file entry01.txt (compact mmCIF, C-alpha atoms)
# COMPACT_ATOMS: atom_id res chain seq x y z
CA MET A 1 0.00 0.00 0.00
CA PHE A 2 2.81 2.36 0.87
CA PHE A 3 4.53 1.52 -2.39
CA LEU A 4 1.42 2.46 -4.38
CA THR A 5 1.21 5.83 -2.61
CA VAL A 6 4.80 6.65 -3.50
CA LEU A 7 4.18 5.76 -7.12
CA LEU A 8 1.11 8.02 -7.24
CA CYS A 9 2.99 11.01 -5.85
CA SER A 10 5.82 10.50 -8.30
CA TYR A 11 3.35 10.35 -11.15
CA LEU A 12 1.75 13.63 -10.16
CA GLN A 13 5.11 15.40 -9.94
CA ILE A 14 6.14 14.09 -13.33
CA SER A 15 2.82 15.21 -14.83
CA GLN A 16 3.27 18.75 -13.49
CA GLN A 17 6.81 18.88 -14.85
CA ILE A 18 5.60 17.73 -18.25
CA GLN A 19 2.97 20.50 -18.28
CA LYS A 20 5.66 23.10 -17.63
CA THR A 21 8.03 21.82 -20.26
CA THR A 22 7.50 21.75 -23.99
CA ALA A 23 8.92 19.30 -26.45
CA ASN A 24 12.00 21.46 -27.05
CA GLY A 25 12.79 21.71 -23.32
CA LYS A 26 11.46 25.23 -22.59
CA GLU A 27 9.59 25.83 -19.30
CA MET A 28 6.42 27.84 -18.91
CA LEU A 29 6.39 30.84 -16.57
CA SER A 30 4.95 30.70 -13.10
CA ASN A 31 2.36 33.25 -11.90
CA PRO A 32 4.27 36.48 -11.13
CA ARG A 33 4.12 38.29 -7.78
CA LEU A 34 3.52 42.05 -7.60
CA LYS A 35 4.79 43.88 -4.50
CA PRO A 36 5.98 47.37 -3.50
CA VAL A 37 9.74 47.78 -3.37
CA GLN A 38 9.52 50.17 -0.38
CA GLY A 39 7.71 47.46 1.61
CA THR A 40 4.56 49.46 2.39
CA LEU A 41 1.43 50.40 0.51
CA ASN A 42 0.99 53.65 2.44
CA VAL A 43 1.92 56.54 0.18
CA GLU A 44 1.71 60.31 0.19
CA MET A 45 0.66 62.70 -2.52
CA ASN A 46 3.40 63.36 -5.12
CA GLN A 47 5.44 60.43 -3.77
CA ASN A 48 7.53 58.24 -6.08
CA VAL A 49 6.99 54.50 -5.62
CA SER A 50 8.29 51.31 -7.28
CA LEU A 51 6.48 48.03 -7.96
CA SER A 52 8.27 44.74 -8.55
CA CYS A 53 6.80 42.06 -10.84
CA HIS A 54 8.60 38.70 -10.80
CA SER A 55 8.06 35.11 -11.99
CA ASP A 56 10.11 32.67 -9.94
CA SER A 57 10.35 30.04 -12.67
CA GLY A 58 10.13 29.80 -16.42
CA THR A 59 12.28 30.08 -19.47
CA PRO A 60 13.53 33.59 -20.28
CA PRO A 61 13.34 36.05 -21.91
CA VAL A 62 10.34 37.40 -20.01
CA ARG A 63 8.11 40.33 -20.82
CA TYR A 64 6.38 42.08 -17.88
CA THR A 65 3.39 44.37 -18.33
CA LEU A 66 1.85 46.58 -15.60
CA PHE A 67 -1.86 47.38 -15.54
CA LYS A 68 -3.86 49.96 -13.60
CA HIS A 69 -7.61 49.42 -13.52
CA ASN A 70 -7.12 46.85 -16.32
CA GLN A 71 -5.40 49.41 -18.54
CA LYS A 72 -1.82 48.83 -19.69
CA ILE A 73 0.52 51.56 -18.47
CA SER A 74 4.05 50.12 -18.98
CA THR A 75 6.00 47.10 -20.40
CA LEU A 76 9.49 45.79 -19.51
CA ASN A 77 11.61 43.04 -21.13
CA ARG A 78 14.03 40.89 -19.15
CA SER A 79 16.58 38.53 -20.68
CA ASP A 80 16.67 36.51 -17.48
CA LEU A 81 14.42 35.89 -14.49
CA THR A 82 15.24 39.17 -12.75
CA PRO A 83 12.19 41.18 -11.56
CA GLY A 84 10.64 43.92 -13.63
CA LEU A 85 10.64 47.25 -11.71
CA PHE A 86 7.98 49.84 -12.50
CA ASN A 87 8.40 53.40 -11.20
CA LEU A 88 5.28 55.44 -10.47
CA THR A 89 4.35 58.84 -9.07
CA ILE A 90 1.21 59.26 -6.96
CA ASN A 91 -0.25 62.48 -8.35
CA SER A 92 -3.91 62.00 -7.49
CA ALA A 93 -6.32 59.73 -5.68
CA SER A 94 -6.80 57.65 -8.84
CA ASP A 95 -3.12 56.64 -8.71
CA ILE A 96 -3.56 54.50 -5.61
CA GLY A 97 -4.76 51.41 -7.51
CA GLU A 98 -5.79 48.78 -8.49
CA TYR A 99 -2.51 47.45 -9.99
CA LYS A 100 -1.69 44.08 -11.61
CA CYS A 101 1.14 42.71 -13.75
CA LYS A 102 1.42 40.01 -16.41
CA ALA A 103 4.42 37.82 -17.25
CA GLU A 104 4.93 36.29 -20.73
CA ASN A 105 7.61 34.32 -22.51
CA ASN A 106 7.85 32.85 -26.00
CA ILE A 107 6.00 29.65 -25.17
CA SER A 108 3.21 30.89 -22.89
CA SER A 109 -0.16 31.59 -24.42
CA GLY A 110 -1.90 34.64 -22.91
CA GLY A 111 0.68 34.99 -20.13
CA LYS A 112 0.25 34.70 -16.38
CA TYR A 113 -1.30 37.40 -14.12
CA SER A 114 -0.20 38.46 -10.67
CA ASN A 115 -2.07 39.41 -7.54
CA SER A 116 -3.63 42.90 -7.33
CA LEU A 117 -2.34 45.80 -5.22
CA ASN A 118 -3.94 48.99 -3.92
CA PHE A 119 -2.04 51.83 -2.31
CA THR A 120 -3.37 53.71 0.71
CA LEU A 121 -3.04 57.46 0.37
CA LYS A 122 -1.66 59.12 3.49
CA GLU A 123 -3.16 62.59 3.83
CA PRO A 124 -2.14 64.98 6.60
CA ILE A 125 -4.94 65.70 9.02
CA SER A 126 -6.53 69.10 9.39
CA LYS A 127 -6.88 70.90 12.72
CA PRO A 128 -9.59 69.09 14.69
CA VAL A 129 -12.68 70.92 15.91
CA LEU A 130 -13.81 70.37 19.51
CA SER A 131 -17.51 71.06 20.14
CA SER A 132 -20.42 70.34 22.46
CA PRO A 133 -24.18 71.01 22.29
CA THR A 134 -23.84 73.32 25.29
CA SER A 135 -21.12 75.40 26.91
CA GLN A 136 -22.96 75.80 30.25
CA ALA A 137 -23.78 73.03 32.66
CA LYS A 138 -24.87 72.46 36.24
CA GLU A 139 -23.16 70.31 38.82
CA GLY A 140 -24.38 66.74 38.46
CA GLN A 141 -25.12 67.15 34.74
CA ASN A 142 -23.88 64.86 31.92
CA VAL A 143 -22.32 66.55 28.88
CA THR A 144 -20.67 65.37 25.65
CA LEU A 145 -17.56 66.46 23.75
CA SER A 146 -16.97 65.75 20.03
CA CYS A 147 -13.63 65.96 18.21
CA LEU A 148 -13.37 65.75 14.41
CA SER A 149 -10.73 66.35 11.73
CA GLU A 150 -12.43 66.99 8.41
CA ASN A 151 -9.38 65.98 6.35
CA GLY A 152 -6.77 63.27 6.78
CA SER A 153 -6.19 59.68 5.84
CA LEU A 154 -7.72 57.01 8.04
CA PRO A 155 -7.46 55.77 10.68
CA ILE A 156 -7.36 58.88 12.87
CA THR A 157 -6.63 58.63 16.59
CA TYR A 158 -8.13 61.17 19.01
CA VAL A 159 -7.22 61.96 22.62
CA PHE A 160 -9.12 64.35 24.92
CA PHE A 161 -7.52 66.67 27.51
CA LYS A 162 -8.63 68.72 30.50
CA GLY A 163 -5.97 71.39 30.74
CA ARG A 164 -2.75 69.45 30.14
CA GLN A 165 -4.01 66.16 31.53
CA SER A 166 -5.36 63.38 29.33
CA ILE A 167 -8.89 62.36 30.34
CA SER A 168 -9.52 59.57 27.81
CA PRO A 169 -7.71 56.62 26.23
CA PRO A 170 -6.86 56.97 22.51
CA VAL A 171 -9.96 56.66 20.34
CA LYS A 172 -9.15 55.26 16.86
CA MET A 173 -11.71 56.09 14.18
CA GLN A 174 -11.80 54.03 10.97
CA LYS A 175 -14.43 56.32 9.41
CA LYS A 176 -14.78 60.07 8.92
CA GLU A 177 -16.76 60.40 12.12
CA ALA A 178 -16.23 62.43 15.26
CA ALA A 179 -14.83 60.82 18.39
CA VAL A 180 -17.26 61.42 21.28
CA ILE A 181 -16.76 61.17 25.03
CA PHE A 182 -19.25 61.65 27.88
CA LEU A 183 -18.42 63.73 30.94
CA PHE A 184 -20.11 63.96 34.33
CA MET A 185 -19.78 67.42 35.86
CA ASN A 186 -19.44 66.22 39.42
CA SER A 187 -17.83 69.30 40.96
CA SER A 188 -16.51 72.74 40.13
CA SER A 189 -13.14 71.22 39.20
CA ASP A 190 -14.80 69.57 36.19
CA PHE A 191 -15.50 72.97 34.66
CA GLY A 192 -12.85 74.72 32.61
CA ILE A 193 -10.82 74.41 29.41
CA TYR A 194 -10.88 71.22 27.30
CA LYS A 195 -8.93 70.27 24.15
CA CYS A 196 -8.43 67.27 21.87
CA ARG A 197 -5.56 65.94 19.76
CA ALA A 198 -5.71 64.16 16.39
CA GLU A 199 -3.04 62.15 14.59
CA ASN A 200 -2.72 59.58 11.81
CA SER A 201 0.02 57.56 10.11
CA PHE A 202 1.29 60.58 8.21
CA CYS A 203 4.79 61.37 9.42
CA ASN A 204 5.02 63.97 12.20
CA ASN A 205 1.38 64.90 11.81
CA THR A 206 -0.20 65.69 15.19
CA LYS A 207 -2.58 68.60 15.65
CA TYR A 208 -4.51 70.08 18.57
CA SER A 209 -8.02 71.47 18.52
CA ASN A 210 -9.49 74.76 19.66
CA SER A 211 -10.15 75.27 23.37
CA PHE A 212 -13.65 74.62 24.68
CA ASN A 213 -14.73 76.08 28.01
CA PHE A 214 -17.47 74.61 30.19
CA THR A 215 -18.91 77.20 32.59
CA LEU A 216 -21.25 76.77 35.54
CA ALA A 217 -24.82 77.72 34.67
CA GLU A 218 -26.47 80.20 37.06
CA GLU A 219 -29.60 78.95 38.75
CA ARG A 220 -32.56 81.28 38.41
CA SER A 221 -34.79 82.15 41.35
CA HIS A 222 -38.37 80.82 41.23
CA SER A 223 -39.70 84.28 42.13
CA GLN A 224 -37.98 85.96 39.19
CA PRO A 225 -40.67 85.03 36.60
CA LEU A 226 -43.38 86.26 39.00
CA ILE A 227 -41.63 89.62 39.47
CA ILE A 228 -41.27 90.02 35.71
CA SER A 229 -44.96 89.23 35.19
CA LEU A 230 -46.07 91.75 37.83
CA GLY A 231 -43.82 94.38 36.32
CA LEU A 232 -45.35 93.82 32.89
CA ILE A 233 -48.89 94.05 34.30
CA LEU A 234 -48.05 97.33 36.07
CA LEU A 235 -46.50 98.74 32.92
CA LEU A 236 -49.60 97.86 30.88
CA PHE A 237 -51.82 99.50 33.51
CA ILE A 238 -49.80 102.74 33.38
CA ILE A 239 -49.92 102.78 29.59
CA GLY A 240 -53.69 102.19 29.61
CA PHE A 241 -54.23 104.97 32.16
CA ALA A 242 -52.13 107.39 30.13
CA LEU A 243 -54.15 106.60 27.01
CA ALA A 244 -57.44 107.07 28.88
CA ILE A 245 -56.64 110.62 30.05
CA PRO A 246 -57.19 112.48 26.73
CA PHE A 247 -60.12 110.30 25.63
CA PHE A 248 -62.18 109.74 28.77
CA ILE A 249 -61.07 111.65 31.86
CA ILE A 250 -60.61 115.16 30.37
CA PRO A 251 -63.88 115.14 28.39
CA SER A 252 -65.73 113.87 31.46
CA TYR A 253 -64.22 116.61 33.63
CA LYS A 254 -65.16 119.33 31.12
CA ALA A 255 -68.73 118.03 30.90
CA LYS A 256 -69.17 118.11 34.69
CA LYS A 257 -67.69 121.63 34.90
CA TYR A 258 -70.01 122.95 32.22
CA LYS A 259 -73.02 121.31 33.82
CA SER A 260 -72.23 122.83 37.23
CA THR A 261 -72.30 126.40 35.78
CA ARG A 262 -75.90 126.02 34.73
CA SER A 263 -78.87 125.61 37.03
CA SER A 264 -82.48 124.87 36.32
CA THR A 265 -83.54 128.46 37.36
CA GLY A 266 -80.88 130.22 35.42
CA PHE A 267 -79.44 132.04 38.51
CA THR A 268 -76.02 131.85 39.96
CA SER A 269 -75.20 133.26 43.37
CA THR A 270 -71.79 134.72 44.10
CA THR A 271 -70.46 136.42 47.17
CA ASN A 272 -67.74 139.06 47.02
CA ALA A 273 -65.10 138.31 49.60
CA GLU A 274 -64.38 142.06 50.06
CA GLU A 275 -68.02 142.99 50.82
CA PRO A 276 -69.90 142.30 54.04
CA GLU A 277 -71.51 138.93 54.52
CA ASP A 278 -74.97 140.40 53.84
CA TYR A 279 -73.87 141.66 50.44
CA VAL A 280 -75.04 139.26 47.69
CA ILE A 281 -75.04 139.60 43.94
CA TYR A 282 -77.37 137.48 41.85
CA THR A 283 -76.67 137.04 38.17
CA GLU A 284 -79.15 135.82 35.61
CA ILE A 285 -77.68 134.32 32.47
CA GLU A 286 -79.80 133.62 29.47
CA PRO A 287 -78.91 130.65 27.32
CA VAL A 288 -77.05 131.40 24.14
CA LYS A 289 -78.78 130.55 20.95
CA PRO A 290 -76.73 128.88 18.26
CA GLU A 291 -77.13 131.80 15.88
CA GLU A 292 -76.19 134.45 18.46
CA GLU A 293 -72.78 135.55 19.61
CA TYR A 294 -73.85 137.29 22.81
CA VAL A 295 -75.83 136.79 26.02
CA ASN A 296 -77.84 139.10 28.21
CA PHE A 297 -77.50 138.85 31.94
CA SER A 298 -78.88 140.90 34.80
CA VAL A 299 -77.21 141.79 38.07
CA ILE A 300 -79.40 142.17 41.17
CA ARG A 301 -77.87 143.65 44.28
CA GLN A 302 -79.57 142.94 47.59
CA GLU A 303 -78.49 144.28 50.98
CA ASP A 304 -79.52 143.45 54.50
CA GLU A 305 -83.21 144.00 55.26
CA LYS A 306 -82.36 145.95 58.47
CA ALA A 307 -80.66 148.66 56.41
CA GLU A 308 -82.48 151.20 54.38
CA LYS A 309 -83.93 149.73 51.32
CA ALA A 310 -82.04 150.83 48.27
CA ALA A 311 -83.42 150.84 44.80
CA CYS A 312 -82.58 147.61 42.94
CA ALA A 313 -80.62 148.28 39.88
CA THR A 314 -80.49 146.00 36.86
CA VAL A 315 -77.63 146.24 34.43
CA TYR A 316 -77.64 144.57 31.02
CA SER A 317 -74.39 143.82 29.32
CA LYS A 318 -73.56 142.51 25.97
CA VAL A 319 -70.92 139.77 25.98
CA PHE A 320 -69.47 138.24 22.87
CA ILE A 321 -68.66 134.56 22.98
CA ARG A 322 -66.25 133.24 20.42
CA HIS A 323 -66.44 129.58 19.56
call {"tool": "encode", "arguments": {"input": "entry01.txt", "output": "structure tokens"}}
result
Amino acid sequence: MFFLTVLLCSYLQISQQIQKTTANGKEMLSNPRLKPVQGTLNVEMNQNVSLSCHSDSGTPPVRYTLFKHNQKISTLNRSDLTPGLFNLTINSASDIGEYKCKAENNISSGGKYSNSLNFTLKEPISKPVLSSPTSQAKEGQNVTLSCLSENGSLPITYVFFKGRQSISPPVKMQKKEAAVIFLFMNSSSDFGIYKCRAENSFCNNTKYSNSFNFTLAEERSHSQPLIISLGLILLLFIIGFALAIPFFIIPSYKAKKYKSTRSSTGFTSTTNAEEPEDYVIYTEIEPVKPEEEYVNFSVIRQEDEKAEKAACATVYSKVFIRH
């Protein structure tokens, strides 16, 4: 049984060797390998890079062709089995891939294709922005802080600071999303200046955010809204009273004054302060007709009955009234 197994393995090896070798002794090429010469696929804008395409076995000469997005961009011929080196410059985002190469010799039909490669573009990060929905908080309140760099190759690592002290472990973001932390404002020491830091794989590329200041919110007195409401009511009352003076109070006062100067008998009694108490003057005023501009009135002087009776004199005067 063991002998049969050995014979089977030998047969398979011989069959593979026959497939690689033609009748004239030439060997077909193996599938080439495509790899970056610099050892990393992380590149920067305007960086020069080199790709190596190599078939480990086969009969030379070998022709290597490099493709980007299935489009041929360069061809190299090698007289031996040394690798084909392709030099590139990353000028834009489209230059990061996908790359493949093909190896051909005189006996291979269609050639052999390599693995595919994609570069990762390293972009320097922009200054991160630190923000929060509110800048005022009360003791015992939960708040959030968000830190985001709009530009920069991923991943981006964020760290939050209170003053100069780190308050969070590094937060690595694989997407263009803000890193968020939650804070509990337990005491007055939790208020103050906060910052965040962002960095990525780009060489010497670490940037700090703007400062964000949490302040203690002032607590309002419960009586303050009541005082404001009473003040508004008082102000409205004063305004209403001021508006009522020319429209209601003054006309009403004038009407009462005019009414008091007229009596049902048409007489008005006046006493002269310089005359004795028994000295009285009675005045009769006739109503003014609308078409007239004067009134007639009579003056009757009456003295004390104990004194000698004097003749009563009546004086008529003409008074013009201008409307």
call {"tool": "closest_atom_pairs", "arguments": {"input": "entry01.txt", "of": "segment 69-182 of chain A", "to": "segment 199-209 of chain A", "cutoff": "8 Å", "atoms": "only C-alpha atoms", "output": "CSV"}}
result
residue,atom,partner,partner_atom,distance
A:Lys122,CA,A:Phe202,CA,5.8
A:Glu123,CA,A:Phe202,CA,6.6
A:Pro124,CA,A:Phe202,CA,5.8
A:Ile125,CA,A:Glu199,CA,6.9
A:Ser126,CA,A:Lys207,CA,7.4
A:Lys127,CA,A:Lys207,CA,5.7
A:Pro128,CA,A:Ser209,CA,4.8
A:Val129,CA,A:Ser209,CA,5.4
A:Leu130,CA,A:Ser209,CA,6.0
A:Cys147,CA,A:Ser209,CA,7.9
A:Gly152,CA,A:Asn200,CA,7.4
A:Ser153,CA,A:Asn200,CA,6.9
A:Leu154,CA,A:Asn200,CA,6.8
A:Pro155,CA,A:Asn200,CA,6.2
A:Ile156,CA,A:Asn200,CA,4.8
A:Thr157,CA,A:Glu199,CA,5.4
A:Tyr158,CA,A:Glu199,CA,6.8
call {"tool": "write_last_selection", "arguments": {"input": "entry01.txt", "atoms": "C-alpha atoms", "output": "PDB file, in the coordinates of the input"}}
result
ATOM      1  CA  LYS A 122      -1.660  59.120   3.490  1.00  0.00           C
ATOM      2  CA  GLU A 123      -3.160  62.590   3.830  1.00  0.00           C
ATOM      3  CA  PRO A 124      -2.140  64.980   6.600  1.00  0.00           C
ATOM      4  CA  ILE A 125      -4.940  65.700   9.020  1.00  0.00           C
ATOM      5  CA  SER A 126      -6.530  69.100   9.390  1.00  0.00           C
ATOM      6  CA  LYS A 127      -6.880  70.900  12.720  1.00  0.00           C
ATOM      7  CA  PRO A 128      -9.590  69.090  14.690  1.00  0.00           C
ATOM      8  CA  VAL A 129     -12.680  70.920  15.910  1.00  0.00           C
ATOM      9  CA  LEU A 130     -13.810  70.370  19.510  1.00  0.00           C
ATOM     10  CA  CYS A 147     -13.630  65.960  18.210  1.00  0.00           C
ATOM     11  CA  GLY A 152      -6.770  63.270   6.780  1.00  0.00           C
ATOM     12  CA  SER A 153      -6.190  59.680   5.840  1.00  0.00           C
ATOM     13  CA  LEU A 154      -7.720  57.010   8.040  1.00  0.00           C
ATOM     14  CA  PRO A 155      -7.460  55.770  10.680  1.00  0.00           C
ATOM     15  CA  ILE A 156      -7.360  58.880  12.870  1.00  0.00           C
ATOM     16  CA  THR A 157      -6.630  58.630  16.590  1.00  0.00           C
ATOM     17  CA  TYR A 158      -8.130  61.170  19.010  1.00  0.00           C
TER      18      TYR A 158
END
call {"tool": "residues_around", "arguments": {"input": "entry01.txt", "residues": "Ser92 of chain A", "least_positions_apart": "5", "cutoff": "10 Å", "atoms": "only C-alpha atoms", "output": "list in words"}}
result
Glu44, Met45, Asn46 and Leu121 of chain A
call {"tool": "residues_near_point", "arguments": {"input": "entry01.txt", "point": "(-11.8, 55.6, 24.7)", "cutoff": "12 Å", "atoms": "only C-alpha atoms", "output": "PDB file with C-alpha atoms, in the frame of the given file"}}
result
ATOM      1  CA  THR A 157      -6.630  58.630  16.590  1.00  0.00           C
ATOM      2  CA  TYR A 158      -8.130  61.170  19.010  1.00  0.00           C
ATOM      3  CA  VAL A 159      -7.220  61.960  22.620  1.00  0.00           C
ATOM      4  CA  PHE A 160      -9.120  64.350  24.920  1.00  0.00           C
ATOM      5  CA  SER A 166      -5.360  63.380  29.330  1.00  0.00           C
ATOM      6  CA  ILE A 167      -8.890  62.360  30.340  1.00  0.00           C
ATOM      7  CA  SER A 168      -9.520  59.570  27.810  1.00  0.00           C
ATOM      8  CA  PRO A 169      -7.710  56.620  26.230  1.00  0.00           C
ATOM      9  CA  PRO A 170      -6.860  56.970  22.510  1.00  0.00           C
ATOM     10  CA  VAL A 171      -9.960  56.660  20.340  1.00  0.00           C
ATOM     11  CA  LYS A 172      -9.150  55.260  16.860  1.00  0.00           C
ATOM     12  CA  MET A 173     -11.710  56.090  14.180  1.00  0.00           C
ATOM     13  CA  ALA A 179     -14.830  60.820  18.390  1.00  0.00           C
ATOM     14  CA  VAL A 180     -17.260  61.420  21.280  1.00  0.00           C
ATOM     15  CA  ILE A 181     -16.760  61.170  25.030  1.00  0.00           C
ATOM     16  CA  PHE A 182     -19.250  61.650  27.880  1.00  0.00           C
TER      17      PHE A 182
END
call {"tool": "closest_residue", "arguments": {"input": "entry01.txt", "among": "A:Ser189, A:Asn87, A:Asn105, A:Ser94", "to": "Gln38 of chain A", "atoms": "only C-alpha atoms"}}
result
A:Asn87
call {"tool": "atom_distance", "arguments": {"input": "entry01.txt", "atom1": "atom CA of Leu76 of chain A", "atom2": "atom CA of Ser52 of chain A"}}
result
11.1 Å
call {"tool": "residues_around", "arguments": {"input": "entry01.txt", "residues": "Phe214 of chain A", "least_positions_apart": "3", "cutoff": "8 Å", "atoms": "only C-alpha atoms", "output": "PyMOL selection string"}}
result
chain A and resi 135-137+191-194
call {"tool": "closest_residue", "arguments": {"input": "entry01.txt", "among": "A:Ala178, A:Ile73, A:Ile227, A:Val37", "to": "Lys102 of chain A", "atoms": "only C-alpha atoms"}}
result
A:Ile73
